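*Asks:* The structure is given below, and queries will be raised subsequently.
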Amino acid sequence: MKIKATTTFIIIVFLTVGMASPVLAQTRSGEDEKLLQEAKLLIFDKKWPEAEEKLASLVKNHPQSGYYAQALFYLGKCQAEQSGKEKEALDSFQAFLNRPDRPQGLLEEAEIAIIDLAFKLFNQGQKEYGRLFQDRLSSPNRVIRYYAAMKMSYLKDKSLAARALPVLTRLIETEKDQELVDRARIAVLRISPQALKDIPDRSGREGLRLLKIRVYEKGKKSPGISINLPLALADLAIQAIPEEEKARMKEKGYDLNRIISDLARAKEKLVRIEEDGNIIEIWIE
């Protein structure tokens with residue numbers, strides 16, 4: 001009788017636990033989904049620390065959750081928005097990318113966030129993070145490749161920025177989106193105006209007014225630098241010129257913003273600047 005009673009008791013306990021387990025699992029699943037939804041609402045309101053707390057709880061307490069990968073992505077997003085948490089954000093995004101169950105729709109955004117974070121840390125003097133945006137120059141995803149190259153064009157270290165030139169050149173030569181091509185040309189201009197000389201303009205924009213710039217080095221008849229850009233992008237071209245160079249030209253009486261504005265309105269279409277034997281010609285046609 002004792003054996004039977006014991007056996008019966010074990011069976012009852014087993015059945016009770018077995019029946020309760022799905023309920024417990026369902027409760028846990030409901031808790032992780034609730035945390036994620038609450039975090040998304042907080043993110044919408046830009047309440048980054050509060051959202052981070054919810055997501056950190058999900059990651060810590062629900063490692064088997066089907067929402068785990070999403071939580072890592074949004075955790076990185078919250079951390080990226082908080083100054084001083086760039087490294088934590090990078091770790092979260094990297095962990096997201098390492099997940100086999102990561103949502104494909106969030107991949108590009110995660111990669112772009114990593115480029116931005118690495119760029120910020122690099123500019124703060126932490127040069128070891130430079131590899132993160134350099135590595136993405138060879139990404140099979142062209143959006144990530146292009147974004148990394150564009151971002152690198154803003155680097156003060158022009159020798160490092162020059163590593164983006166092959167990607168930018170390829171973009172200019174192959175892409176059909178003219179606005180994207182123009183922005184790539186501006187990026188090249190930021191890195192090395194000289195590099196534009198060897199990149200043909202295949203835009204075929206005969207109907208558009210173009211800003212043209214030619215720079216002749218002392219004693220040379222052919223221009224060392226030749227730039228053709230839509231007039232609408234003139235402001236971007238000016239932004240691409242280093243501030244110290246613009247300030248130096250302004251001291252000598254050449255305000256580039258005013259020159260472009262005057263050219264756009266005036267009947268005379270050519271401005272000629274001579275400096276130390278070098279000649280700069282700017283006109284619109």
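Residue numbering restarts at 1 for every chain of the structure tokens, chains are lettered A, B, ... in their displayed order, and ligands are numbered from 1 as they appear.
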For Ser83 (chain A), find every residue with an atom within 12 Å (counting only C-alpha atoms), except residues of its own chain fewer than 4 positions away, and show them as an MDAnalysis selection string.
*Replies:* chainID A and resid 48:49 78:79 87:89 117 120:121
*Asks:* Go ahead and save the picked residues with N, CA and C atoms, as a compact mmCIF listing (two decimals), in the first residue's frame.
*Replies:*
```
# COMPACT_ATOMS: atom_id res chain seq x y z
N TRP A 48 14.97 57.54 -22.83
CA TRP A 48 16.00 56.52 -23.06
C TRP A 48 16.39 55.72 -21.81
N PRO A 49 16.67 56.36 -20.65
CA PRO A 49 17.06 55.56 -19.47
C PRO A 49 15.96 54.60 -19.03
N CYS A 78 18.89 52.77 -27.26
CA CYS A 78 18.74 53.60 -26.06
C CYS A 78 20.09 54.07 -25.54
N GLN A 79 21.04 53.18 -25.50
CA GLN A 79 22.37 53.54 -24.99
C GLN A 79 23.07 54.54 -25.91
N LYS A 87 30.17 52.95 -25.79
CA LYS A 87 30.79 51.62 -25.81
C LYS A 87 29.77 50.55 -25.46
N GLU A 88 28.90 50.85 -24.50
CA GLU A 88 27.85 49.90 -24.15
C GLU A 88 26.92 49.68 -25.34
N ALA A 89 26.61 50.76 -26.04
CA ALA A 89 25.75 50.65 -27.22
C ALA A 89 26.40 49.78 -28.29
N LEU A 117 28.67 55.35 -34.07
CA LEU A 117 29.27 55.26 -32.73
C LEU A 117 30.79 55.17 -32.81
N LYS A 120 32.26 58.51 -33.70
CA LYS A 120 32.25 59.43 -32.56
C LYS A 120 33.40 59.11 -31.60
N LEU A 121 33.57 57.83 -31.28
CA LEU A 121 34.65 57.43 -30.37
C LEU A 121 36.01 57.71 -30.98
```
*Asks:* If we count only C-alpha atoms and set the cut-off at 12 Å, which residues sit around region 168-173 of chain A, ignoring sequence neighbours fewer than 4 positions away in its own chain? Please answer as a count of residues only.
*Replies:* 41
*Asks:* Could you check which of A:Arg99, A:Arg136, A:Lys176, A:Lys127 is closest to Pro63 (chain A), using only C-alpha atoms?
*Replies:*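 Residue with the minimum atom-to-atom distance to Pro63 (chain A): A:Arg99.
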*Asks:* Going by DSSP on the backbone, which residues of region 98-171 of chain A come out as alpha helix (DSSP H)? List them as an NGL selection string.
*Replies:* :A and (107-123 or 130-135 or 142-152 or 158-161 or 165-171)
*Asks:* Just give me the gap between CA of Ile227 (chain A) and CA of Val215 (chain A) in Å, one decimal is fine.
*Replies:*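 Answer for the CA of Ile227 (chain A) to CA of Val215 (chain A) separation: 9.0 Å.
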